[in-house]
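Novice: This is upload.pdb, which holds PDB, C-alpha atoms (C1' of nucleotides):
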MODEL        1
ATOM      1  CA  MET A   1      89.689 -69.914  83.327
ATOM      2  CA  HIS A   2      90.723 -68.418  86.655
ATOM      3  CA  GLU A   3      94.393 -68.775  85.703
ATOM      4  CA  LEU A   4      93.745 -66.190  83.011
ATOM      5  CA  PHE A   5      92.946 -63.142  85.046
ATOM      6  CA  ALA A   6      93.193 -62.726  88.784
ATOM      7  CA  GLU A   7      93.209 -64.595  92.022
ATOM      8  CA  ASN A   8      90.987 -62.018  93.728
ATOM      9  CA  GLN A   9      87.771 -63.198  92.012
ATOM     10  CA  ALA A  10      87.083 -59.719  90.646
ATOM     11  CA  PHE A  11      85.940 -61.034  87.270
ATOM     12  CA  ARG A  12      82.390 -62.107  86.686
ATOM     13  CA  ALA A  13      79.948 -63.097  83.986
ATOM     14  CA  ASN A  14      77.444 -60.403  83.166
ATOM     15  CA  GLY A  15      74.926 -59.796  80.425
ATOM     16  CA  ARG A  16      71.733 -58.351  79.100
ATOM     17  CA  LEU A  17      68.518 -60.108  78.293
ATOM     18  CA  TRP A  18      65.531 -58.987  76.273
ATOM     19  CA  ILE A  19      62.566 -60.125  74.233
ATOM     20  CA  GLU A  20      62.537 -58.987  70.627
ATOM     21  CA  GLY A  21      59.899 -58.993  67.937
ATOM     22  CA  PRO A  22      60.259 -59.100  64.167
ATOM     23  CA  ALA A  23      61.061 -55.401  63.866
ATOM     24  CA  ASP A  24      62.229 -54.077  67.202
ATOM     25  CA  ARG A  25      63.094 -54.805  70.780
ATOM     26  CA  PHE A  26      59.964 -55.508  72.770
ATOM     27  CA  LEU A  27      61.004 -55.750  76.413
ATOM     28  CA  GLY A  28      64.334 -55.431  78.211
ATOM     29  CA  ILE A  29      65.605 -54.382  81.587
ATOM     30  CA  GLY A  30      65.204 -50.656  80.884
ATOM     31  CA  ARG A  31      61.661 -51.054  79.600
ATOM     32  CA  LEU A  32      60.857 -53.278  82.554
ATOM     33  CA  GLU A  33      62.035 -50.650  85.000
ATOM     34  CA  LEU A  34      59.997 -48.041  83.131
ATOM     35  CA  LEU A  35      56.866 -50.171  83.431
ATOM     36  CA  GLU A  36      57.563 -50.681  87.132
ATOM     37  CA  GLN A  37      57.936 -46.945  87.624
ATOM     38  CA  ILE A  38      54.728 -46.249  85.734
ATOM     39  CA  GLN A  39      53.038 -48.782  87.982
ATOM     40  CA  ALA A  40      54.488 -47.047  91.045
ATOM     41  CA  THR A  41      53.917 -43.417  90.055
ATOM     42  CA  GLY A  42      50.851 -43.487  87.813
ATOM     43  CA  SER A  43      52.450 -41.330  85.153
ATOM     44  CA  ILE A  44      54.921 -41.596  82.296
ATOM     45  CA  SER A  45      56.501 -38.244  83.125
ATOM     46  CA  LYS A  46      57.040 -39.115  86.791
ATOM     47  CA  ALA A  47      58.415 -42.501  85.819
ATOM     48  CA  ALA A  48      60.833 -40.859  83.397
ATOM     49  CA  LYS A  49      61.953 -38.374  86.017
ATOM     50  CA  ALA A  50      62.483 -41.163  88.559
ATOM     51  CA  MET A  51      64.753 -42.907  86.068
ATOM     52  CA  GLY A  52      66.654 -39.790  84.983
ATOM     53  CA  MET A  53      65.263 -40.280  81.494
ATOM     54  CA  SER A  54      63.730 -37.701  79.188
ATOM     55  CA  TYR A  55      59.960 -37.825  78.839
ATOM     56  CA  LYS A  56      60.314 -38.217  75.090
ATOM     57  CA  LYS A  57      62.436 -41.322  75.446
ATOM     58  CA  ALA A  58      60.040 -42.818  77.967
ATOM     59  CA  TRP A  59      57.101 -42.069  75.720
ATOM     60  CA  ASP A  60      58.873 -43.582  72.725
ATOM     61  CA  LEU A  61      59.535 -46.759  74.697
ATOM     62  CA  VAL A  62      55.918 -46.985  75.806
ATOM     63  CA  SER A  63      54.798 -46.402  72.244
ATOM     64  CA  SER A  64      57.096 -49.146  70.984
ATOM     65  CA  MET A  65      55.789 -51.644  73.529
ATOM     66  CA  ASN A  66      52.151 -50.745  72.982
ATOM     67  CA  SER A  67      52.385 -50.996  69.219
ATOM     68  CA  GLN A  68      54.105 -54.389  69.283
ATOM     69  CA  ALA A  69      51.888 -56.071  71.835
ATOM     70  CA  ARG A  70      48.513 -57.373  70.787
ATOM     71  CA  GLN A  71      47.034 -55.356  73.646
ATOM     72  CA  PRO A  72      48.697 -52.175  75.005
ATOM     73  CA  LEU A  73      50.808 -52.640  78.128
ATOM     74  CA  VAL A  74      50.225 -49.052  79.256
ATOM     75  CA  GLY A  75      46.987 -47.091  79.224
ATOM     76  CA  ALA A  76      47.137 -43.303  79.386
ATOM     77  CA  GLN A  77      44.641 -40.541  80.002
ATOM     78  CA  VAL A  78      45.289 -37.000  78.851
ATOM     79  CA  GLY A  79      43.747 -34.060  80.736
ATOM     80  CA  GLY A  80      41.576 -34.367  83.787
ATOM     81  CA  ALA A  81      42.064 -34.336  87.524
ATOM     82  CA  HIS A  82      45.833 -34.034  87.744
ATOM     83  CA  GLY A  83      46.556 -33.486  84.105
ATOM     84  CA  GLY A  84      46.164 -37.100  83.219
ATOM     85  CA  GLY A  85      48.264 -40.139  83.907
ATOM     86  CA  ALA A  86      49.170 -43.630  82.911
ATOM     87  CA  ALA A  87      48.794 -47.100  84.354
ATOM     88  CA  LEU A  88      49.626 -50.662  83.450
ATOM     89  CA  THR A  89      46.928 -52.666  81.765
ATOM     90  CA  PRO A  90      46.409 -56.268  82.889
ATOM     91  CA  ALA A  91      48.568 -57.256  79.940
ATOM     92  CA  GLY A  92      51.224 -54.826  81.166
ATOM     93  CA  ALA A  93      51.152 -56.251  84.661
ATOM     94  CA  GLN A  94      51.475 -59.745  83.251
ATOM     95  CA  ALA A  95      54.401 -58.730  81.077
ATOM     96  CA  VAL A  96      56.150 -57.199  84.090
ATOM     97  CA  ALA A  97      55.661 -60.309  86.200
ATOM     98  CA  GLU A  98      56.825 -62.709  83.521
ATOM     99  CA  PHE A  99      59.846 -60.702  82.483
ATOM    100  CA  GLN A 100      60.847 -60.276  86.125
ATOM    101  CA  ALA A 101      60.825 -64.061  86.425
ATOM    102  CA  MET A 102      62.885 -64.340  83.245
ATOM    103  CA  GLN A 103      65.387 -61.881  84.690
ATOM    104  CA  GLU A 104      65.650 -63.931  87.857
ATOM    105  CA  ARG A 105      66.459 -67.053  85.889
ATOM    106  CA  PHE A 106      69.054 -65.059  83.971
ATOM    107  CA  ALA A 107      70.593 -63.793  87.222
ATOM    108  CA  GLN A 108      70.930 -67.420  88.310
ATOM    109  CA  PHE A 109      72.530 -68.315  84.995
ATOM    110  CA  LEU A 110      75.042 -65.498  85.427
ATOM    111  CA  ALA A 111      75.811 -66.536  88.988
ATOM    112  CA  ASP A 112      76.408 -70.110  87.806
ATOM    113  CA  GLU A 113      78.706 -68.918  85.027
ATOM    114  CA  THR A 114      80.622 -66.663  87.400
ATOM    115  CA  ALA A 115      81.106 -69.586  89.767
ATOM    116  CA  ARG A 116      82.316 -71.718  86.877
ATOM    117  CA  LEU A 117      85.014 -69.137  86.098
ATOM    118  CA  TYR A 118      86.701 -70.052  89.359
ATOM    119  CA  GLN A 119      85.942 -73.754  89.667
TER     120      GLN A 119
ATOM    121  CA  MET B 120      53.142 -64.737  77.755
ATOM    122  CA  HIS B 121      52.226 -65.718  74.202
ATOM    123  CA  GLU B 122      48.833 -64.056  74.604
ATOM    124  CA  LEU B 123      50.667 -60.761  74.815
ATOM    125  CA  PHE B 124      52.144 -60.482  71.387
ATOM    126  CA  ALA B 125      51.506 -62.677  68.424
ATOM    127  CA  GLU B 126      50.403 -66.101  67.377
ATOM    128  CA  ASN B 127      53.112 -66.372  64.707
ATOM    129  CA  GLN B 128      55.947 -67.051  67.180
ATOM    130  CA  ALA B 129      57.973 -64.136  65.863
ATOM    131  CA  PHE B 130      59.087 -63.047  69.339
ATOM    132  CA  ARG B 131      62.112 -64.525  70.985
ATOM    133  CA  ALA B 132      64.438 -64.129  73.934
ATOM    134  CA  ASN B 133      67.792 -62.697  73.008
ATOM    135  CA  GLY B 134      70.726 -61.255  74.876
ATOM    136  CA  ARG B 135      74.380 -60.505  75.280
ATOM    137  CA  LEU B 136      76.895 -62.147  77.516
ATOM    138  CA  TRP B 137      80.340 -61.047  78.614
ATOM    139  CA  ILE B 138      83.000 -61.365  81.280
ATOM    140  CA  GLU B 139      83.911 -58.155  83.036
ATOM    141  CA  GLY B 140      86.755 -57.194  85.350
ATOM    142  CA  PRO B 141      86.914 -54.551  88.048
ATOM    143  CA  ALA B 142      87.465 -51.700  85.594
ATOM    144  CA  ASP B 143      86.342 -52.755  82.151
ATOM    145  CA  ARG B 144      84.803 -55.389  79.993
ATOM    146  CA  PHE B 145      87.177 -58.277  79.499
ATOM    147  CA  LEU B 146      85.615 -60.598  76.937
ATOM    148  CA  GLY B 147      82.368 -60.495  74.973
ATOM    149  CA  ILE B 148      81.083 -61.753  71.656
ATOM    150  CA  GLY B 149      82.814 -59.010  69.657
ATOM    151  CA  ARG B 150      86.147 -59.571  71.339
ATOM    152  CA  LEU B 151      85.725 -63.316  70.907
ATOM    153  CA  GLU B 152      85.186 -62.910  67.185
ATOM    154  CA  LEU B 153      88.221 -60.643  67.014
ATOM    155  CA  LEU B 154      90.364 -63.281  68.727
ATOM    156  CA  GLU B 155      89.039 -65.924  66.357
ATOM    157  CA  GLN B 156      89.896 -63.743  63.377
ATOM    158  CA  ILE B 157      93.385 -63.071  64.710
ATOM    159  CA  GLN B 158      93.780 -66.815  65.094
ATOM    160  CA  ALA B 159      92.605 -67.341  61.521
ATOM    161  CA  THR B 160      94.510 -64.524  59.802
ATOM    162  CA  GLY B 161      97.636 -64.050  61.902
ATOM    163  CA  SER B 162      97.248 -60.295  62.060
ATOM    164  CA  ILE B 163      95.279 -57.652  63.906
ATOM    165  CA  SER B 164      94.817 -55.550  60.797
ATOM    166  CA  LYS B 165      93.534 -58.460  58.706
ATOM    167  CA  ALA B 166      91.225 -59.494  61.534
ATOM    168  CA  ALA B 167      89.873 -55.948  61.758
ATOM    169  CA  LYS B 168      89.299 -55.796  58.017
ATOM    170  CA  ALA B 169      87.519 -59.144  58.059
ATOM    171  CA  MET B 170      85.166 -57.791  60.703
ATOM    172  CA  GLY B 171      84.635 -54.403  59.041
ATOM    173  CA  MET B 172      86.216 -52.791  62.072
ATOM    174  CA  SER B 173      88.835 -50.054  62.136
ATOM    175  CA  TYR B 174      92.347 -51.149  63.029
ATOM    176  CA  LYS B 175      92.396 -48.708  65.909
ATOM    177  CA  LYS B 176      89.326 -50.216  67.469
ATOM    178  CA  ALA B 177      90.693 -53.721  67.069
ATOM    179  CA  TRP B 178      93.984 -52.687  68.582
ATOM    180  CA  ASP B 179      92.233 -50.981  71.495
ATOM    181  CA  LEU B 180      90.271 -54.158  72.169
ATOM    182  CA  VAL B 181      93.410 -56.294  72.083
ATOM    183  CA  SER B 182      95.136 -53.831  74.365
ATOM    184  CA  SER B 183      92.237 -53.943  76.815
ATOM    185  CA  MET B 184      92.255 -57.733  76.927
ATOM    186  CA  ASN B 185      96.025 -58.018  77.204
ATOM    187  CA  SER B 186      96.242 -55.503  80.031
ATOM    188  CA  GLN B 187      93.484 -57.133  82.059
ATOM    189  CA  ALA B 188      94.630 -60.703  81.742
ATOM    190  CA  ARG B 189      97.487 -61.953  83.870
ATOM    191  CA  GLN B 190      99.115 -63.140  80.660
ATOM    192  CA  PRO B 191      98.469 -61.489  77.269
ATOM    193  CA  LEU B 192      95.917 -63.225  75.057
ATOM    194  CA  VAL B 193      97.522 -61.911  71.874
ATOM    195  CA  GLY B 194     101.204 -61.705  71.043
ATOM    196  CA  ALA B 195     102.323 -59.334  68.290
ATOM    197  CA  GLN B 196     105.512 -58.840  66.323
ATOM    198  CA  VAL B 197     106.267 -55.557  64.622
ATOM    199  CA  GLY B 198     108.436 -55.522  61.515
ATOM    200  CA  GLY B 199     109.911 -58.550  59.854
ATOM    201  CA  ALA B 200     108.949 -60.947  57.111
ATOM    202  CA  HIS B 201     105.531 -59.623  56.164
ATOM    203  CA  GLY B 202     105.554 -56.511  58.281
ATOM    204  CA  GLY B 203     104.805 -58.343  61.443
ATOM    205  CA  GLY B 204     101.743 -60.068  62.757
ATOM    206  CA  ALA B 205      99.834 -61.308  65.732
ATOM    207  CA  ALA B 206      98.816 -64.651  67.131
ATOM    208  CA  LEU B 207      96.942 -66.033  70.088
ATOM    209  CA  THR B 208      99.010 -67.062  73.063
ATOM    210  CA  PRO B 209      98.107 -70.339  74.825
ATOM    211  CA  ALA B 210      96.164 -68.183  77.295
ATOM    212  CA  GLY B 211      94.353 -66.586  74.362
ATOM    213  CA  ALA B 212      93.460 -69.939  72.866
ATOM    214  CA  GLN B 213      92.164 -71.097  76.232
ATOM    215  CA  ALA B 214      90.077 -67.941  76.647
ATOM    216  CA  VAL B 215      88.557 -68.467  73.199
ATOM    217  CA  ALA B 216      87.656 -72.079  73.912
ATOM    218  CA  GLU B 217      86.144 -71.376  77.294
ATOM    219  CA  PHE B 218      84.156 -68.360  76.207
ATOM    220  CA  GLN B 219      82.872 -70.256  73.185
ATOM    221  CA  ALA B 220      81.557 -72.896  75.574
ATOM    222  CA  MET B 221      79.986 -70.196  77.741
ATOM    223  CA  GLN B 222      78.297 -68.757  74.657
ATOM    224  CA  GLU B 223      76.915 -72.174  73.776
ATOM    225  CA  ARG B 224      75.378 -72.544  77.220
ATOM    226  CA  PHE B 225      73.904 -69.078  76.825
ATOM    227  CA  ALA B 226      72.438 -69.980  73.440
ATOM    228  CA  GLN B 227      70.756 -72.944  75.110
ATOM    229  CA  PHE B 228      69.428 -70.686  77.867
ATOM    230  CA  LEU B 229      67.977 -68.326  75.255
ATOM    231  CA  ALA B 230      66.402 -71.198  73.341
ATOM    232  CA  ASP B 231      64.810 -72.464  76.555
ATOM    233  CA  GLU B 232      63.474 -69.009  77.387
ATOM    234  CA  THR B 233      62.110 -68.556  73.870
ATOM    235  CA  ALA B 234      60.334 -71.890  74.131
ATOM    236  CA  ARG B 235      58.917 -70.843  77.480
ATOM    237  CA  LEU B 236      57.380 -67.750  75.892
ATOM    238  CA  TYR B 237      55.032 -70.015  73.976
ATOM    239  CA  GLN B 238      54.463 -72.871  76.371
TER     240      GLN B 238
ATOM    241  C1'  DG C 239     119.825 -49.389  51.879
ATOM    242  C1'  DG C 240     114.917 -48.829  50.343
ATOM    243  C1'  DG C 241     110.440 -50.845  50.212
ATOM    244  C1'  DC C 242     106.812 -53.327  52.319
ATOM    245  C1'  DG C 243     103.107 -54.501  55.548
ATOM    246  C1'  DT C 244     102.434 -54.493  60.094
ATOM    247  C1'  DT C 245     102.162 -52.676  64.966
ATOM    248  C1'  DA C 246     101.451 -48.726  67.816
ATOM    249  C1'  DT C 247      99.542 -44.294  68.708
ATOM    250  C1'  DA C 248      97.351 -39.580  68.261
ATOM    251  C1'  DT C 249      94.194 -36.533  66.152
ATOM    252  C1'  DT C 250      90.332 -35.262  63.483
ATOM    253  C1'  DT C 251      85.992 -36.120  61.361
ATOM    254  C1'  DT C 252      81.683 -38.300  60.984
ATOM    255  C1'  DT C 253      77.911 -40.749  62.665
ATOM    256  C1'  DT C 254      74.778 -42.126  66.043
ATOM    257  C1'  DA C 255      72.415 -41.765  70.255
ATOM    258  C1'  DT C 256      70.711 -39.054  73.822
ATOM    259  C1'  DA C 257      69.048 -34.958  75.927
ATOM    260  C1'  DA C 258      66.895 -30.512  75.840
ATOM    261  C1'  DT C 259      63.538 -27.398  74.288
ATOM    262  C1'  DA C 260      59.141 -26.074  72.330
ATOM    263  C1'  DT C 261      54.229 -26.462  71.419
ATOM    264  C1'  DA C 262      49.521 -28.061  71.206
ATOM    265  C1'  DA C 263      45.685 -30.464  73.172
ATOM    266  C1'  DC C 264      43.135 -32.404  76.808
ATOM    267  C1'  DG C 265      39.811 -32.374  80.690
ATOM    268  C1'  DG C 266      38.999 -31.987  85.614
ATOM    269  C1'  DT C 267      38.957 -28.284  89.176
ATOM    270  C1'  DA C 268      38.937 -23.922  91.620
TER     271       DA C 268
ATOM    272  C1'  DT D 269      36.486 -19.644  82.240
ATOM    273  C1'  DA D 270      41.322 -19.775  83.309
ATOM    274  C1'  DC D 271      44.683 -22.899  85.263
ATOM    275  C1'  DC D 272      47.253 -26.993  85.918
ATOM    276  C1'  DG D 273      49.936 -31.162  85.004
ATOM    277  C1'  DT D 274      49.901 -34.507  81.901
ATOM    278  C1'  DT D 275      50.034 -36.791  77.198
ATOM    279  C1'  DA D 276      51.617 -36.479  72.553
ATOM    280  C1'  DT D 277      54.712 -34.878  69.096
ATOM    281  C1'  DA D 278      58.367 -32.285  66.508
ATOM    282  C1'  DT D 279      62.552 -29.875  66.336
ATOM    283  C1'  DT D 280      66.976 -28.499  67.905
ATOM    284  C1'  DA D 281      71.181 -29.049  70.564
ATOM    285  C1'  DT D 282      74.490 -31.790  72.953
ATOM    286  C1'  DA D 283      77.204 -35.825  74.011
ATOM    287  C1'  DA D 284      79.092 -40.193  73.113
ATOM    288  C1'  DA D 285      80.681 -43.587  70.079
ATOM    289  C1'  DA D 286      82.693 -44.965  65.968
ATOM    290  C1'  DA D 287      85.251 -44.255  61.892
ATOM    291  C1'  DA D 288      88.663 -42.047  59.203
ATOM    292  C1'  DT D 289      93.072 -40.088  58.663
ATOM    293  C1'  DA D 290      97.848 -39.378  59.777
ATOM    294  C1'  DT D 291     102.444 -40.618  61.391
ATOM    295  C1'  DA D 292     106.321 -43.069  63.327
ATOM    296  C1'  DA D 293     108.857 -47.248  64.132
ATOM    297  C1'  DC D 294     110.082 -51.852  63.270
ATOM    298  C1'  DG D 295     112.618 -55.664  60.938
ATOM    299  C1'  DC D 296     112.799 -58.967  57.100
ATOM    300  C1'  DC D 297     113.793 -59.235  52.103
ATOM    301  C1'  DC D 298     115.183 -57.961  47.554
TER     302       DC D 298
ENDMDL
END
Output the structure of this file as structure tokens.
Specialist:
Amino acid sequence: MHELFAENQAFRANGRLWIEGPADRFLGIGRLELLEQIQATGSISKAAKAMGMSYKKAWDLVSSMNSQARQPLVGAQVGGAHGGGAALTPAGAQAVAEFQAMQERFAQFLADETARLYQ
Amino acid sequence: MHELFAENQAFRANGRLWIEGPADRFLGIGRLELLEQIQATGSISKAAKAMGMSYKKAWDLVSSMNSQARQPLVGAQVGGAHGGGAALTPAGAQAVAEFQAMQERFAQFLADETARLYQ
DNA sequence: GGGCGTTATATTTTTTATAATATAACGGTA
DNA sequence: TACCGTTATATTATAAAAAATATAACGCCC
């Protein structure tokens, strides 16, 4: 396929990967990063800010994940010491770990396909 | 991961795959289908109609592909017998065949990942 | 030569997605 | 008790994407 575009190897295979349920997307790269940020910051609002995302959008994503999973991925407390906060549940931590692994396998797939473009 | 969502196996891995150049997307599933329709119908406008896509969008996509590839993927004639038409060049036919194969490998990857969700 | 269907292109409108703003409630803490 | 930062939610405004509309040119064919 390399004859088609350029000799400078500037073309590459890329893509997006996600897990979807019967009604909606369940987990993708954006939701994964949101979960990671919640894990790191302890709050949905801080996670949203870190990602340059509106709080509403972050909350909607969390709500979508929590309602689709058998057990919520994110637990939240409203009020209290510092206003409240959020954290990953064990199920959330497991989802993060497993989807990270899935992403790594996908990255390898993409690297293989990019290499094949030039072989 | 199956403990996370449901016992009815309604969740699955899904995704999108494309080839991108330095500036823009080069070839994805939508562009592939457009090329296939051009191949089948002999015209950009008929291909667009078959896909429920505006002619302008189809033309923009063809233009993007033709300008990125070393050789155009689609050749077009304006005026003439039936107003003109378009057809795949040999490079276009090759791009279709190779990206179809890439898509098939991706479908297998997604099937493997879906199976892994429940193993 | 006039009509036809197509390519090629620009402009406008509509739709969709995203962001911004607003408000209430909550529960520690000073 | 008043305050604070957060969750939770709705509404409005903005931006981006897509679709619709318009127009010119082209070259065979009747």
Novice: Hey, what comes out of the PyMOL selection byres ((chain A and resi 28) around 7) on this file? Could you write it as a list in words?
Specialist: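 This file gives the following for the PyMOL selection byres ((chain A and resi 28) around 7): Leu17, Trp18, Ile19, Phe26, Leu27, Ile29, Gly30, Arg31 and Leu32 of chain A.
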Novice: Can you list every residue of chain C that has an atom at most 7 Å from chain B, with its nearest atom pair and the distance in Å to one decimal, using all atoms listed in the file, ordered by chain then number, as CSV?
Specialist:
residue,atom,partner,partner_atom,distance
C:DC242,C1',B:Gly202,CA,6.9
C:DG243,C1',B:Gly202,CA,4.2
C:DT244,C1',B:Gly202,CA,4.1
C:DT245,C1',B:Val197,CA,5.0
Novice: Residues of chain D no more than 12 Å from chain B, counting only C-alpha atoms (C1' of nucleotides): send them over as a list in words.
Specialist: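 Using only C-alpha atoms (C1' of nucleotides), chain D residues at most 12 Å from chain B: DA285, DA286, DA287, DA288, DT289, DA293, DC294, DG295, DC296, DC297 and DC298 of chain D.
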Novice: Quick one: which chain A residues come within 7 Å of chain B, and what is the nearest atom pair for each with the distance in Å to one decimal, counting all atoms listed in the file, rows ordered by chain and ascending number, as JSON lines?
Specialist:
{"residue": "A:Met1", "atom": "CA", "partner": "B:Ala214", "partner_atom": "CA", "distance": 7.0}
{"residue": "A:Leu4", "atom": "CA", "partner": "B:Ala188", "partner_atom": "CA", "distance": 5.7}
{"residue": "A:Phe5", "atom": "CA", "partner": "B:Ala188", "partner_atom": "CA", "distance": 4.4}
{"residue": "A:Ala6", "atom": "CA", "partner": "B:Arg189", "partner_atom": "CA", "distance": 6.6}
{"residue": "A:Ala10", "atom": "CA", "partner": "B:Pro141", "partner_atom": "CA", "distance": 5.8}
{"residue": "A:Phe11", "atom": "CA", "partner": "B:Gly140", "partner_atom": "CA", "distance": 4.4}
{"residue": "A:Arg12", "atom": "CA", "partner": "B:Ile138", "partner_atom": "CA", "distance": 5.5}
{"residue": "A:Ala13", "atom": "CA", "partner": "B:Ile138", "partner_atom": "CA", "distance": 4.4}
{"residue": "A:Asn14", "atom": "CA", "partner": "B:Trp137", "partner_atom": "CA", "distance": 5.4}
{"residue": "A:Gly15", "atom": "CA", "partner": "B:Leu136", "partner_atom": "CA", "distance": 4.2}
{"residue": "A:Arg16", "atom": "CA", "partner": "B:Arg135", "partner_atom": "CA", "distance": 5.1}
{"residue": "A:Leu17", "atom": "CA", "partner": "B:Gly134", "partner_atom": "CA", "distance": 4.2}
{"residue": "A:Trp18", "atom": "CA", "partner": "B:Asn133", "partner_atom": "CA", "distance": 5.4}
{"residue": "A:Ile19", "atom": "CA", "partner": "B:Ala132", "partner_atom": "CA", "distance": 4.4}
{"residue": "A:Glu20", "atom": "CA", "partner": "B:Phe130", "partner_atom": "CA", "distance": 5.5}
{"residue": "A:Gly21", "atom": "CA", "partner": "B:Phe130", "partner_atom": "CA", "distance": 4.4}
{"residue": "A:Pro22", "atom": "CA", "partner": "B:Ala129", "partner_atom": "CA", "distance": 5.8}
{"residue": "A:Gln68", "atom": "CA", "partner": "B:Phe124", "partner_atom": "CA", "distance": 6.7}
{"residue": "A:Ala69", "atom": "CA", "partner": "B:Phe124", "partner_atom": "CA", "distance": 4.4}
{"residue": "A:Arg70", "atom": "CA", "partner": "B:Phe124", "partner_atom": "CA", "distance": 4.8}
{"residue": "A:Gln71", "atom": "CA", "partner": "B:Leu123", "partner_atom": "CA", "distance": 6.6}
{"residue": "A:Ala91", "atom": "CA", "partner": "B:Leu123", "partner_atom": "CA", "distance": 6.6}
{"residue": "A:Ala95", "atom": "CA", "partner": "B:Met120", "partner_atom": "CA", "distance": 7.0}
Novice: From the list D:DA284, D:DA276, D:DC271, D:DA290, which residue is nearest DT267 of chain C when using only C-alpha atoms (C1' of nucleotides)?
Specialist: D:DC271
Novice: Which of these, D:DT269, D:DT274, D:DT291, D:DT282, has the shortest distance to DA246 of chain C once you count only C-alpha atoms (C1' of nucleotides)?
Specialist: D:DT291
Novice: Rounded to one decimal, what separation in Å do you get between atom CA of Ala107 of chain A and atom CA of Asp179 of chain B?
Specialist: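 Separation of atom CA of Ala107 of chain A and atom CA of Asp179 of chain B: 29.7 Å.
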Novice: Between atom CA of Ala58 of chain A and atom CA of Leu88 of chain A, what is the distance, to one decimal in Å?
Specialist: 14.1 Å
Novice: Just so the selection is clear, what residues does the PyMOL selection byres ((chain C and resi 259) around 8) cover here, as a list of chain:residue names?
Specialist: C:DA258, C:DA260, D:DT280
Novice: Grab the atom CA of Gln119 of chain A to atom CA of Gln219 of chain B distance for me, in Å with one decimal place.
Specialist: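 For atom CA of Gln119 of chain A relative to atom CA of Gln219 of chain B, the distance reads 17.1 Å.
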